[in-house]
file my_file19.cif (mmCIF, C-alpha atoms)
data_target
#
loop_
_atom_site.label_atom_id
_atom_site.label_comp_id
_atom_site.auth_asym_id
_atom_site.auth_seq_id
_atom_site.Cartn_x
_atom_site.Cartn_y
_atom_site.Cartn_z
CA MET A 844 0.00 0.00 0.00
CA PRO A 845 1.23 3.54 -0.69
CA ASP A 846 2.30 5.84 2.10
CA ALA A 847 -0.81 7.90 2.71
CA HIS A 848 1.24 11.03 3.26
CA ALA A 849 4.23 10.60 1.00
CA LYS A 850 6.26 13.81 0.88
CA SER A 851 6.93 15.63 -2.36
CA HIS A 852 10.35 16.95 -3.32
CA PRO A 853 10.98 20.44 -4.72
CA SER A 854 12.70 18.86 -7.73
CA GLY A 855 9.40 17.35 -8.77
CA GLU A 856 10.40 13.80 -7.83
CA PHE A 857 8.10 11.76 -5.64
CA SER A 858 8.05 8.44 -3.87
CA GLY A 859 5.46 6.01 -2.68
CA GLY A 860 4.35 2.39 -2.59
CA GLU A 861 3.23 0.37 -5.58
CA VAL A 862 -0.51 0.07 -6.20
CA GLY A 863 -2.05 -3.25 -7.28
CA THR A 864 -0.26 -4.91 -10.17
CA ASN A 865 0.58 -1.64 -11.93
CA LYS A 866 4.25 -0.93 -12.46
CA GLU A 867 3.46 2.76 -12.02
CA ARG A 868 3.68 3.93 -8.43
CA THR A 869 0.95 6.13 -6.99
CA VAL A 870 1.74 8.55 -4.19
CA THR A 871 -0.07 11.21 -2.21
CA VAL A 872 1.23 14.78 -2.08
CA ARG A 873 -0.20 16.89 0.74
CA PRO A 874 1.17 20.46 0.76
CA GLU A 875 0.61 22.32 4.02
CA GLY A 876 0.25 25.66 2.28
CA ILE A 877 -0.85 26.93 -1.10
CA ASP A 878 2.61 28.28 -1.92
CA GLU A 879 4.11 24.85 -1.23
CA GLY A 880 1.60 23.32 -3.61
CA ARG A 881 2.40 25.91 -6.27
CA VAL A 882 6.13 25.13 -6.06
CA TRP A 883 5.48 21.39 -6.38
CA LEU A 884 3.25 21.87 -9.43
CA GLU A 885 5.85 24.07 -11.12
CA ALA A 886 8.57 21.48 -10.60
CA ASN A 887 6.33 18.62 -11.69
CA PHE A 888 5.36 20.46 -14.88
CA ARG A 889 9.01 21.10 -15.79
CA GLU A 890 10.42 17.69 -14.92
CA ALA A 891 8.41 14.63 -13.83
CA GLN A 892 5.14 15.60 -15.58
CA ALA A 893 3.25 13.13 -13.40
CA THR A 894 -0.50 12.96 -13.88
CA ILE A 895 -2.53 14.28 -10.95
CA ALA A 896 -5.88 13.44 -9.32
CA PRO A 897 -7.17 16.04 -6.80
CA SER A 898 -8.17 14.36 -3.54
CA GLY A 899 -11.62 15.93 -3.69
CA ALA A 900 -12.33 13.45 -6.47
CA LYS A 901 -12.32 10.70 -3.88
CA LEU A 902 -13.78 12.48 -0.87
CA SER A 903 -16.51 14.65 -2.26
CA SER A 904 -18.66 12.76 -4.69
CA PRO A 905 -18.89 9.63 -6.79
CA ARG A 906 -19.78 12.01 -9.62
CA LEU A 907 -16.16 13.13 -9.80
CA TYR A 908 -14.35 10.39 -11.69
CA ARG A 909 -10.70 9.68 -11.16
CA SER A 910 -8.51 8.71 -14.08
CA PRO A 911 -7.27 5.12 -13.62
CA LYS A 912 -3.65 5.92 -14.50
CA THR A 913 -2.88 9.05 -12.47
CA ARG A 914 0.42 8.78 -10.58
CA VAL A 915 -0.13 11.44 -7.88
CA THR A 916 -3.08 12.07 -5.57
CA PHE A 917 -2.98 15.77 -4.67
CA ASP A 918 -4.46 16.14 -1.18
CA THR A 919 -5.73 19.67 -0.50
CA THR A 920 -7.04 19.06 3.03
CA GLY A 921 -4.13 21.11 4.42
CA TRP A 922 -5.76 24.16 2.84
CA ASN A 923 -8.62 24.48 5.32
CA ARG A 924 -8.51 28.03 6.71
CA LEU A 925 -11.42 30.45 7.04
CA ILE A 926 -10.40 33.52 5.01
CA ASP A 927 -13.34 35.88 5.50
CA TYR A 928 -16.85 35.60 6.90
CA PRO A 929 -18.83 38.87 6.94
CA ALA A 930 -22.01 37.20 8.18
CA ARG A 931 -24.16 40.31 7.72
CA ASP A 932 -23.23 40.32 4.02
CA MET A 933 -24.26 36.66 3.73
CA THR A 934 -20.96 35.61 2.10
CA ILE A 935 -18.03 33.44 3.16
CA THR A 936 -14.56 32.76 1.76
CA VAL A 937 -12.73 29.56 2.72
CA GLU A 938 -9.80 27.55 1.45
CA ALA A 939 -10.89 24.76 -0.86
CA GLY A 940 -9.56 21.95 1.34
CA MET A 941 -11.99 22.76 4.17
CA THR A 942 -14.45 19.94 4.72
CA TRP A 943 -18.22 20.22 4.45
CA ARG A 944 -18.54 19.42 8.15
CA GLU A 945 -16.17 22.26 9.08
CA LEU A 946 -18.02 24.73 6.86
CA CYS A 947 -21.43 23.79 8.30
CA ALA A 948 -20.10 24.24 11.85
CA LEU A 949 -19.09 27.82 10.99
CA LEU A 950 -22.42 28.64 9.36
CA ASP A 951 -24.54 27.07 12.12
CA VAL A 952 -23.30 29.70 14.60
CA GLU A 953 -24.90 32.43 12.47
CA GLY A 954 -27.99 30.45 11.46
CA GLN A 955 -26.91 30.42 7.83
CA GLN A 956 -26.44 27.73 5.18
CA LEU A 957 -24.95 26.91 1.81
CA PRO A 958 -28.05 25.07 0.58
CA LEU A 959 -26.53 21.87 -0.79
CA ASP A 960 -27.49 18.29 0.04
CA VAL A 961 -24.25 16.57 1.05
CA LEU A 962 -24.10 13.24 2.87
CA GLU A 963 -20.33 12.94 3.31
CA GLY A 964 -19.10 15.33 6.00
CA GLU A 965 -15.46 14.88 4.97
CA ALA A 966 -16.14 16.12 1.44
CA THR A 967 -13.85 19.01 0.52
CA ILE A 968 -15.33 22.28 -0.60
CA GLY A 969 -13.20 22.29 -3.73
CA GLY A 970 -14.37 18.78 -4.53
CA LEU A 971 -18.02 19.81 -4.16
CA VAL A 972 -17.48 22.63 -6.65
CA ALA A 973 -15.58 20.41 -9.07
CA SER A 974 -18.29 17.74 -8.93
CA SER A 975 -21.06 20.36 -9.23
CA ILE A 976 -23.00 18.46 -6.61
CA ALA A 977 -26.76 18.91 -6.51
CA GLY A 978 -29.47 17.19 -4.51
CA PRO A 979 -33.24 17.22 -4.00
CA ARG A 980 -33.32 20.89 -2.97
CA GLN A 981 -31.89 22.08 -6.28
CA TYR A 982 -35.51 22.67 -7.38
CA GLY A 983 -36.01 25.40 -4.78
CA TYR A 984 -32.46 26.64 -4.21
CA GLY A 985 -30.54 25.91 -7.40
CA THR A 986 -27.11 24.29 -7.59
CA ILE A 987 -23.64 25.23 -6.42
CA ARG A 988 -23.20 27.23 -9.66
CA ASP A 989 -25.72 29.72 -8.26
CA TYR A 990 -23.70 30.32 -5.07
CA LEU A 991 -20.05 30.38 -6.12
CA LEU A 992 -19.13 34.08 -6.37
CA GLY A 993 -15.41 33.72 -6.94
CA PHE A 994 -12.44 31.42 -6.60
CA SER A 995 -8.69 31.15 -6.89
CA GLY A 996 -6.88 28.14 -8.26
CA LEU A 997 -3.64 26.65 -9.50
CA THR A 998 -3.13 25.44 -13.05
CA ALA A 999 -1.11 22.30 -13.77
CA ASP A 1000 2.05 24.40 -14.24
CA GLY A 1001 1.65 26.15 -10.88
CA LEU A 1002 0.13 29.44 -12.06
CA LEU A 1003 -2.05 30.97 -9.33
CA PHE A 1004 -5.09 32.80 -10.76
CA GLN A 1005 -8.41 34.09 -9.53
CA ALA A 1006 -11.81 35.07 -10.87
CA GLY A 1007 -14.92 36.67 -9.45
CA GLY A 1008 -14.92 38.38 -6.07
CA ARG A 1009 -16.25 38.42 -2.53
CA VAL A 1010 -19.42 40.43 -3.08
CA VAL A 1011 -22.77 39.41 -4.52
CA LYS A 1012 -23.03 42.36 -6.97
CA ASN A 1013 -19.99 41.44 -9.02
CA VAL A 1014 -20.50 41.82 -12.78
CA ALA A 1015 -17.05 42.70 -14.10
CA GLY A 1016 -15.56 40.38 -16.74
CA TYR A 1017 -16.46 36.82 -17.64
CA ASP A 1018 -18.13 34.59 -15.06
CA LEU A 1019 -15.27 32.10 -14.88
CA ALA A 1020 -16.59 30.67 -11.60
CA LYS A 1021 -19.17 28.75 -13.63
CA LEU A 1022 -16.27 27.13 -15.49
CA MET A 1023 -15.04 25.38 -12.35
CA CYS A 1024 -18.43 23.92 -11.45
CA GLY A 1025 -18.48 20.40 -12.84
CA SER A 1026 -14.91 20.60 -14.16
CA ARG A 1027 -14.14 17.38 -12.23
CA GLY A 1028 -10.59 18.34 -11.38
CA THR A 1029 -9.58 18.56 -15.05
CA LEU A 1030 -8.88 22.30 -15.36
CA ALA A 1031 -7.29 23.53 -12.12
CA LEU A 1032 -6.76 22.82 -8.43
CA LEU A 1033 -9.05 25.12 -6.45
CA THR A 1034 -7.38 26.94 -3.56
CA GLN A 1035 -10.10 29.33 -2.30
CA CYS A 1036 -13.85 29.67 -2.84
CA THR A 1037 -16.30 32.46 -2.03
CA PHE A 1038 -20.00 31.67 -1.67
CA LYS A 1039 -23.17 33.63 -1.09
CA LEU A 1040 -25.33 32.15 1.65
CA LYS A 1041 -28.96 31.68 2.67
CA PRO A 1042 -30.65 31.75 6.09
CA GLN A 1043 -31.36 28.35 7.62
CA PRO A 1044 -35.07 27.49 7.70
CA VAL A 1045 -36.72 27.49 11.11
CA GLN A 1046 -38.42 24.18 10.37
CA TRP A 1047 -39.53 22.08 7.45
CA SER A 1048 -42.07 19.42 6.52
CA TRP A 1049 -42.03 16.54 4.06
CA VAL A 1050 -45.33 15.65 2.45
CA LEU A 1051 -45.07 12.00 1.34
CA THR A 1052 -47.70 10.57 -0.98
CA THR A 1053 -47.65 7.00 -2.33
CA TRP A 1054 -49.09 5.81 -5.65
CA GLU A 1055 -49.97 2.55 -7.35
CA THR A 1056 -48.40 3.29 -10.74
CA TRP A 1057 -46.39 5.93 -12.58
CA GLU A 1058 -49.48 6.71 -14.63
CA ASP A 1059 -51.33 7.58 -11.42
CA LEU A 1060 -48.48 9.79 -10.21
CA GLU A 1061 -48.03 11.83 -13.40
CA PRO A 1062 -51.10 14.11 -12.91
CA ALA A 1063 -49.78 15.02 -9.44
CA LEU A 1064 -46.53 16.31 -10.97
CA GLU A 1065 -48.52 18.34 -13.48
CA ARG A 1066 -50.63 19.80 -10.68
CA LEU A 1067 -47.56 20.82 -8.68
CA LEU A 1068 -46.38 22.98 -11.57
CA LEU A 1069 -49.39 25.20 -10.81
CA SER A 1070 -49.30 24.83 -7.02
CA ASP A 1071 -49.90 27.83 -4.78
CA THR A 1072 -47.09 26.56 -2.55
CA ARG A 1073 -43.31 26.89 -3.05
CA PRO A 1074 -41.71 23.47 -2.58
CA MET A 1075 -37.95 23.25 -2.09
CA ALA A 1076 -37.83 19.68 -3.43
CA VAL A 1077 -40.17 17.51 -5.50
CA ASP A 1078 -38.74 13.98 -5.75
CA VAL A 1079 -40.20 10.82 -7.25
CA LEU A 1080 -38.95 7.61 -5.66
CA GLN A 1081 -39.15 3.93 -6.56
CA ARG A 1082 -37.65 1.30 -4.23
CA ALA A 1083 -35.97 3.99 -2.16
CA ALA A 1084 -36.48 2.20 1.18
CA LEU A 1085 -37.34 5.55 2.72
CA PRO A 1086 -39.02 5.49 6.11
CA PRO A 1087 -41.92 5.65 6.64
CA VAL A 1088 -43.04 4.69 3.11
CA GLY A 1089 -40.57 1.87 2.41
CA ASN A 1090 -40.28 0.85 -1.25
CA ALA A 1091 -43.64 2.23 -2.37
CA LEU A 1092 -43.74 4.51 -5.40
CA THR A 1093 -43.54 7.88 -3.65
CA LEU A 1094 -43.84 11.58 -4.40
CA ALA A 1095 -41.82 13.46 -1.73
CA ILE A 1096 -42.43 17.21 -1.39
CA LEU A 1097 -40.26 19.37 0.88
CA LEU A 1098 -41.66 22.60 2.33
CA GLU A 1099 -39.72 25.09 4.45
CA GLY A 1100 -40.69 28.11 6.54
CA SER A 1101 -42.27 29.21 9.79
CA GLN A 1102 -44.80 27.07 11.62
CA VAL A 1103 -47.72 29.22 10.39
CA SER A 1104 -46.61 29.16 6.76
CA LEU A 1105 -45.92 25.42 6.86
CA GLU A 1106 -49.37 24.65 8.24
CA TRP A 1107 -50.91 26.58 5.36
CA GLU A 1108 -48.67 24.97 2.71
CA VAL A 1109 -49.27 21.43 3.98
CA GLN A 1110 -53.03 21.95 3.93
CA THR A 1111 -52.81 23.43 0.44
CA ILE A 1112 -50.83 20.45 -0.85
CA ARG A 1113 -53.41 18.10 0.70
CA LYS A 1114 -56.22 19.87 -1.16
CA GLU A 1115 -54.33 20.00 -4.46
CA LEU A 1116 -53.47 16.30 -4.48
CA SER A 1117 -56.35 14.68 -2.60
CA ASN A 1118 -58.64 14.28 -5.61
CA LEU A 1119 -55.83 12.73 -7.71
CA GLY A 1120 -55.92 9.49 -5.76
CA PRO A 1121 -52.76 8.96 -3.70
CA THR A 1122 -52.92 5.71 -1.76
CA GLU A 1123 -51.42 7.37 1.31
CA LEU A 1124 -50.48 10.90 2.41
CA LEU A 1125 -48.10 11.41 5.33
CA VAL A 1126 -46.46 14.51 6.80
CA VAL A 1127 -43.06 14.37 8.51
CA SER A 1128 -42.11 17.59 10.33
CA GLU A 1129 -38.55 18.42 11.43
CA ASP A 1130 -36.58 21.39 12.70
CA ARG A 1131 -33.02 22.39 13.63
CA GLN A 1132 -33.21 20.28 16.78
CA THR A 1133 -33.71 17.09 14.75
CA ALA A 1134 -30.46 15.14 14.80
CA HIS A 1135 -28.76 15.21 11.42
CA ALA A 1136 -28.66 11.41 11.19
CA ASP A 1137 -32.41 11.22 11.86
CA ARG A 1138 -33.44 13.73 9.21
CA LEU A 1139 -35.39 12.42 6.28
CA MET A 1140 -32.99 14.16 3.87
CA THR A 1141 -30.05 12.26 5.34
CA ARG A 1142 -31.87 8.96 4.96
CA LEU A 1143 -32.83 9.84 1.40
CA LEU A 1144 -29.21 10.65 0.44
CA SER A 1145 -27.95 7.54 2.21
CA SER A 1146 -30.41 5.34 0.33
CA GLN A 1147 -29.31 6.91 -2.95
CA GLN A 1148 -25.67 5.90 -2.40
CA GLN A 1149 -26.25 2.28 -1.38
CA GLN A 1150 -26.02 0.83 -4.88
CA PRO A 1151 -22.74 0.81 -6.86
CA TYR A 1152 -24.14 1.48 -10.34
CA GLU A 1153 -25.86 4.81 -10.94
CA LEU A 1154 -26.93 6.44 -14.21
CA LEU A 1155 -27.84 10.14 -14.31
CA VAL A 1156 -30.32 11.01 -17.06
CA SER A 1157 -31.20 14.61 -17.94
CA LEU A 1158 -34.31 15.08 -20.05
CA PRO A 1159 -37.32 17.34 -20.48
CA SER A 1160 -39.44 17.06 -17.34
CA SER A 1161 -42.44 16.14 -19.50
CA LYS A 1162 -40.62 12.92 -20.50
CA LEU A 1163 -39.62 11.87 -16.98
CA VAL A 1164 -42.54 9.58 -16.18
CA ALA A 1165 -42.51 8.05 -19.67
CA LEU A 1166 -38.88 7.04 -19.20
CA ALA A 1167 -39.24 5.86 -15.59
CA ARG A 1168 -42.00 3.42 -16.42
CA GLN A 1169 -39.79 1.77 -19.08
CA PHE A 1170 -37.72 0.20 -16.29
CA PRO A 1171 -38.79 -2.74 -14.11
CA GLU A 1172 -39.94 -2.29 -10.55
CA THR A 1173 -36.63 -3.75 -9.33
CA THR A 1174 -34.77 -0.64 -10.56
CA ARG A 1175 -34.18 1.98 -7.91
CA ILE A 1176 -35.29 5.36 -9.25
CA MET A 1177 -34.83 8.74 -7.64
CA GLY A 1178 -35.92 11.63 -9.80
CA ARG A 1179 -36.18 15.37 -9.47
CA GLY A 1180 -39.81 15.45 -10.48
CA LEU A 1181 -39.93 18.97 -11.92
CA ASP A 1182 -36.26 19.36 -12.92
CA GLY A 1183 -36.06 16.64 -15.57
CA THR A 1184 -33.41 14.55 -13.80
CA LEU A 1185 -33.53 10.81 -13.09
CA LEU A 1186 -31.05 8.78 -11.06
CA LEU A 1187 -31.30 5.07 -11.91
CA SER A 1188 -29.27 2.66 -9.77
CA TRP A 1189 -28.60 -1.07 -9.52
CA ASN A 1190 -26.70 -3.51 -7.34
CA GLU A 1191 -25.50 -5.35 -10.44
CA PRO A 1192 -24.72 -4.00 -13.91
CA PRO A 1193 -28.09 -3.53 -15.66
CA ALA A 1194 -28.79 -5.81 -18.60
CA PRO A 1195 -27.98 -4.10 -21.91
CA GLN A 1196 -31.49 -4.80 -23.16
CA GLU A 1197 -32.98 -3.15 -20.08
CA LEU A 1198 -31.06 0.04 -20.81
CA ALA A 1199 -31.59 -0.07 -24.55
CA THR A 1200 -35.37 -0.32 -24.27
CA GLY A 1201 -35.76 2.82 -22.18
CA LEU A 1202 -32.92 5.02 -23.39
CA ALA A 1203 -33.29 4.30 -27.09
CA SER A 1204 -36.94 5.31 -27.01
CA LEU A 1205 -35.95 8.48 -25.17
CA VAL A 1206 -33.39 9.48 -27.81
CA GLU A 1207 -35.84 8.67 -30.61
CA SER A 1208 -38.60 10.80 -29.14
CA ALA A 1209 -36.19 13.70 -28.57
CA SER A 1210 -34.91 13.48 -32.15
CA LEU A 1211 -38.42 13.41 -33.56
CA ALA A 1212 -39.17 16.56 -31.59
CA GLY A 1213 -36.16 18.25 -33.19
CA HIS A 1214 -34.07 18.27 -29.99
CA PRO A 1215 -31.50 15.45 -30.34
CA GLN A 1216 -29.43 16.82 -27.45
CA ALA A 1217 -32.43 17.20 -25.13
CA ALA A 1218 -31.77 13.78 -23.58
CA THR A 1219 -28.29 13.11 -22.18
CA TRP A 1220 -26.92 10.67 -19.65
CA GLU A 1221 -23.73 9.61 -17.96
CA TRP A 1222 -22.69 7.04 -15.37
CA THR A 1223 -22.19 8.88 -12.10
CA ARG A 1224 -21.32 5.87 -9.97
CA TRP A 1225 -19.41 2.82 -11.09
CA PRO A 1226 -17.07 0.37 -9.30
CA ASP A 1227 -13.48 1.62 -9.15
CA ASP A 1228 -11.98 -1.44 -10.84
CA SER A 1229 -13.60 -0.86 -14.22
CA ILE A 1230 -14.45 1.96 -16.62
CA PRO A 1231 -18.10 2.94 -17.19
CA PRO A 1232 -19.57 3.25 -20.68
CA PRO A 1233 -19.18 6.71 -22.26
CA ALA A 1234 -21.84 9.33 -21.79
CA ASN A 1235 -24.54 10.10 -24.32
CA ARG A 1236 -23.09 13.45 -25.25
CA PRO A 1237 -21.64 13.19 -28.77
CA PRO A 1238 -18.14 14.66 -29.24
CA ASP A 1239 -19.44 17.04 -31.91
CA ALA A 1240 -21.96 18.61 -29.52
CA SER A 1241 -21.15 22.29 -28.94
CA SER A 1242 -20.76 21.84 -25.17
CA SER A 1243 -18.34 18.97 -25.70
CA ARG A 1244 -16.23 20.90 -28.21
CA TRP A 1245 -15.91 23.86 -25.87
CA SER A 1246 -15.04 21.64 -22.90
CA LEU A 1247 -12.29 19.80 -24.74
CA THR A 1248 -10.86 23.02 -26.22
CA LEU A 1249 -10.69 24.64 -22.79
CA LYS A 1250 -9.00 21.56 -21.39
CA GLN A 1251 -6.33 21.73 -24.09
CA GLN A 1252 -5.68 25.41 -23.44
CA LEU A 1253 -5.59 25.32 -19.63
CA ASP A 1254 -3.87 21.93 -19.26
CA PRO A 1255 -1.92 21.37 -22.51
CA LEU A 1256 0.01 18.36 -21.18
CA GLY A 1257 -3.16 16.69 -19.87
CA LEU A 1258 -1.81 16.26 -16.32
CA LEU A 1259 -5.03 16.94 -14.35
CA ASN A 1260 -7.37 13.94 -14.20
CA PRO A 1261 -6.54 12.86 -17.76
CA SER A 1262 -9.33 11.24 -19.81
CA VAL A 1263 -12.08 12.11 -17.37
CA LEU A 1264 -13.40 14.91 -19.54
CA ASP A 1265 -13.31 12.63 -22.59
CA LEU A 1266 -15.60 10.22 -20.76
CA ARG A 1267 -18.07 12.93 -19.83
CA CYS A 1268 -18.11 14.31 -23.37
CA GLY A 1269 -19.09 10.92 -24.74
CA ARG A 1270 -15.70 9.78 -26.01
CA PRO A 1271 -14.26 6.42 -24.87
CA TRP A 1272 -10.96 6.54 -23.04
CA PRO A 1273 -8.01 5.66 -25.34
CA GLU A 1274 -6.73 2.15 -24.84
CA ASN A 1275 -3.17 3.29 -24.25
CA LEU A 1276 -3.99 5.31 -21.13
#

call {"tool": "encode", "arguments": {"input": "my_file19.cif", "output": "structure tokens"}}
result
Amino acid sequence: MPDAHAKSHPSGEFSGGEVGTNKERTVTVRPEGIDEGRVWLEANFREAQATIAPSGAKLSSPRLYRSPKTRVTFDTTGWNRLIDYPARDMTITVEAGMTWRELCALLDVEGQQLPLDVLEGEATIGGLVASSIAGPRQYGYGTIRDYLLGFSGLTADGLLFQAGGRVVKNVAGYDLAKLMCGSRGTLALLTQCTFKLKPQPVQWSWVLTTWETWEDLEPALERLLLSDTRPMAVDVLQRAALPPVGNALTLAILLEGSQVSLEWEVQTIRKELSNLGPTELLVVSEDRQTAHADRLMTRLLSSQQQQPYELLVSLPSSKLVALARQFPETTRIMGRGLDGTLLLSWNEPPAPQELATGLASLVESASLAGHPQAATWEWTRWPDDSIPPPANRPPDASSSRWSLTLKQQLDPLGLLNPSVLDLRCGRPWPENL
């Protein structure tokens, strides 16, 4: 096994134990300060030119793939200082190696939040940005792209650069912060991040309704588009093992606010859905005193990560139910009901025919409607010892062309998480990597 904290040398050389049967040796570099990391990157770029995987790729999210042939794991957890926290301005600046648990502890004191749904407390902030993590509450709050105001980072050759700022009203220049969200460690190593914040809700309630079939549930989703309430999350769940509804086909609606407003919203949801025929309607109320491990959101996120194979499908929300019902009842499905996102997961690799039946019909219907790129998917969780199939995002798509061009300009030697961007853009990894 490699030394978990192998030291780097200024000359760019490194040492560490051998991994598996590979002849290449993989080591971990953990600089204590940003300047130390910059010096190491400069030396590595000039001499060793070792490929690098940021540690956030492992800690923060299964969505952030790691290239199978990187030689150095770059651990940023030494960069964990609080830089600035003007709580009255509702912004915070931290080093990118700070963990999610450490950030939440700071924000809890002021009753504030960065409204992301993160299960792993040891996730690094930089890793969360790079993975562009989003959860059930993205419907009401948006994603991390909506909260990252500015950042600083290191390129593969050790150049320190920054973009954005520390204030909300910042409109000068290009919004390069968006570039880092979802970059998966392929463009730069984040060193600092500035976020805008939201107040923590006083309390919240989940309205859980169960349904016999997807056909029964679809009118409820259509009704929620016109609801008088303002849900923070609208999730559809199949075989989610979520207490107290178990594996029943479930529509989960999250409401946040004061006690008075929640009482009104819950009653409104009851009226709006009651005549559509749910088999059961339950309300689960929680507040800040509810232990984190006991919260329904925690259980929902935990259930999502229990299966090793996960496919993320993005599609028009009007097609969500049509796709979901193409898969057997044994498939675990967690979908953002009004966002057009489905997470399909399995304990074993799904049968090719099972995938082909649902996904092929989805592509066909999108093409017939004149929107061939309207339906895309990628594997967001896959066992570490094998490579997932490429995404459905053709290399000639405009987004793919821009992504690959930026990668070539910012990392010309391909040292940062090589091949990961190819996989996301729909291109298979070259055999010689």

call {"tool": "closest_residue", "arguments": {"input": "my_file19.cif", "among": "A:Gly1178, A:Pro1121, A:Gly993, A:Pro1044", "to": "Ala1063 in chain A", "atoms": "only C-alpha atoms"}}
result
A:Pro1121

call {"tool": "residues_around", "arguments": {"input": "my_file19.cif", "residues": "Leu962 in chain A", "least_positions_apart": "6", "cutoff": "7 Å", "atoms": "only C-alpha atoms", "output": "ChimeraX atom specification"}}
result
/A:1141,1144-1145

call {"tool": "resolve_selection", "arguments": {"input": "my_file19.cif", "expression": "the PyMOL selection byres ((chain A and resi 1098) around 8)", "output": "NGL selection string"}}
result
:A and (1047-1050 or 1073-1076 or 1096-1097 or 1099-1100 or 1105 or 1108-1109)

call {"tool": "resolve_selection", "arguments": {"input": "my_file19.cif", "expression": "the PyMOL selection byres ((chain A and resi 1187-1193) around 8)", "output": "CSV table (one decimal) with C-alpha atoms, keeping the file's coordinate frame"}}
result
chain,number,residue,atom,x,y,z
A,1150,GLN,CA,-26.0,0.8,-4.9
A,1151,PRO,CA,-22.7,0.8,-6.9
A,1152,TYR,CA,-24.1,1.5,-10.3
A,1153,GLU,CA,-25.9,4.8,-10.9
A,1154,LEU,CA,-26.9,6.4,-14.2
A,1155,LEU,CA,-27.8,10.1,-14.3
A,1156,VAL,CA,-30.3,11.0,-17.1
A,1174,THR,CA,-34.8,-0.6,-10.6
A,1175,ARG,CA,-34.2,2.0,-7.9
A,1176,ILE,CA,-35.3,5.4,-9.2
A,1177,MET,CA,-34.8,8.7,-7.6
A,1185,LEU,CA,-33.5,10.8,-13.1
A,1186,LEU,CA,-31.0,8.8,-11.1
A,1194,ALA,CA,-28.8,-5.8,-18.6
A,1195,PRO,CA,-28.0,-4.1,-21.9
A,1197,GLU,CA,-33.0,-3.2,-20.1
A,1198,LEU,CA,-31.1,0.0,-20.8

call {"tool": "resolve_selection", "arguments": {"input": "my_file19.cif", "expression": "the PyMOL selection byres ((chain A and resi 927-942) around 8)", "output": "PyMOL selection string"}}
result
chain A and resi 919-926+943-946+953+955+964-970+1009-1011+1033-1041

call {"tool": "write_last_selection", "arguments": {"input": "my_file19.cif", "atoms": "C-alpha atoms", "output": "PDB file, keeping the file's coordinate frame"}}
result
ATOM      1  CA  THR A 919      -5.730  19.670  -0.500  1.00  0.00           C
ATOM      2  CA  THR A 920      -7.040  19.060   3.030  1.00  0.00           C
ATOM      3  CA  GLY A 921      -4.130  21.110   4.420  1.00  0.00           C
ATOM      4  CA  TRP A 922      -5.760  24.160   2.840  1.00  0.00           C
ATOM      5  CA  ASN A 923      -8.620  24.480   5.320  1.00  0.00           C
ATOM      6  CA  ARG A 924      -8.510  28.030   6.710  1.00  0.00           C
ATOM      7  CA  LEU A 925     -11.420  30.450   7.040  1.00  0.00           C
ATOM      8  CA  ILE A 926     -10.400  33.520   5.010  1.00  0.00           C
ATOM      9  CA  TRP A 943     -18.220  20.220   4.450  1.00  0.00           C
ATOM     10  CA  ARG A 944     -18.540  19.420   8.150  1.00  0.00           C
ATOM     11  CA  GLU A 945     -16.170  22.260   9.080  1.00  0.00           C
ATOM     12  CA  LEU A 946     -18.020  24.730   6.860  1.00  0.00           C
ATOM     13  CA  GLU A 953     -24.900  32.430  12.470  1.00  0.00           C
ATOM     14  CA  GLN A 955     -26.910  30.420   7.830  1.00  0.00           C
ATOM     15  CA  GLY A 964     -19.100  15.330   6.000  1.00  0.00           C
ATOM     16  CA  GLU A 965     -15.460  14.880   4.970  1.00  0.00           C
ATOM     17  CA  ALA A 966     -16.140  16.120   1.440  1.00  0.00           C
ATOM     18  CA  THR A 967     -13.850  19.010   0.520  1.00  0.00           C
ATOM     19  CA  ILE A 968     -15.330  22.280  -0.600  1.00  0.00           C
ATOM     20  CA  GLY A 969     -13.200  22.290  -3.730  1.00  0.00           C
ATOM     21  CA  GLY A 970     -14.370  18.780  -4.530  1.00  0.00           C
ATOM     22  CA  ARG A1009     -16.250  38.420  -2.530  1.00  0.00           C
ATOM     23  CA  VAL A1010     -19.420  40.430  -3.080  1.00  0.00           C
ATOM     24  CA  VAL A1011     -22.770  39.410  -4.520  1.00  0.00           C
ATOM     25  CA  LEU A1033      -9.050  25.120  -6.450  1.00  0.00           C
ATOM     26  CA  THR A1034      -7.380  26.940  -3.560  1.00  0.00           C
ATOM     27  CA  GLN A1035     -10.100  29.330  -2.300  1.00  0.00           C
ATOM     28  CA  CYS A1036     -13.850  29.670  -2.840  1.00  0.00           C
ATOM     29  CA  THR A1037     -16.300  32.460  -2.030  1.00  0.00           C
ATOM     30  CA  PHE A1038     -20.000  31.670  -1.670  1.00  0.00           C
ATOM     31  CA  LYS A1039     -23.170  33.630  -1.090  1.00  0.00           C
ATOM     32  CA  LEU A1040     -25.330  32.150   1.650  1.00  0.00           C
ATOM     33  CA  LYS A1041     -28.960  31.680   2.670  1.00  0.00           C
TER      34      LYS A1041
END

call {"tool": "closest_residue", "arguments": {"input": "my_file19.cif", "among": "A:Leu1264, A:Leu1202, A:Ser898, A:Pro1062", "to": "Asn1235 in chain A", "atoms": "all atoms listed in the file"}}
result
A:Leu1202

call {"tool": "closest_residue", "arguments": {"input": "my_file19.cif", "among": "A:Glu1129, A:Glu1061, A:Asp1137, A:Asp1078", "to": "Leu1116 in chain A", "atoms": "only C-alpha atoms"}}
result
A:Glu1061

call {"tool": "residues_around", "arguments": {"input": "my_file19.cif", "residues": "range 1238-1255 of chain A", "least_positions_apart": "4", "cutoff": "8 Å", "atoms": "only C-alpha atoms", "output": "PyMOL selection string"}}
result
chain A and resi 998-999+1029-1031+1216+1259+1264-1265+1268-1270
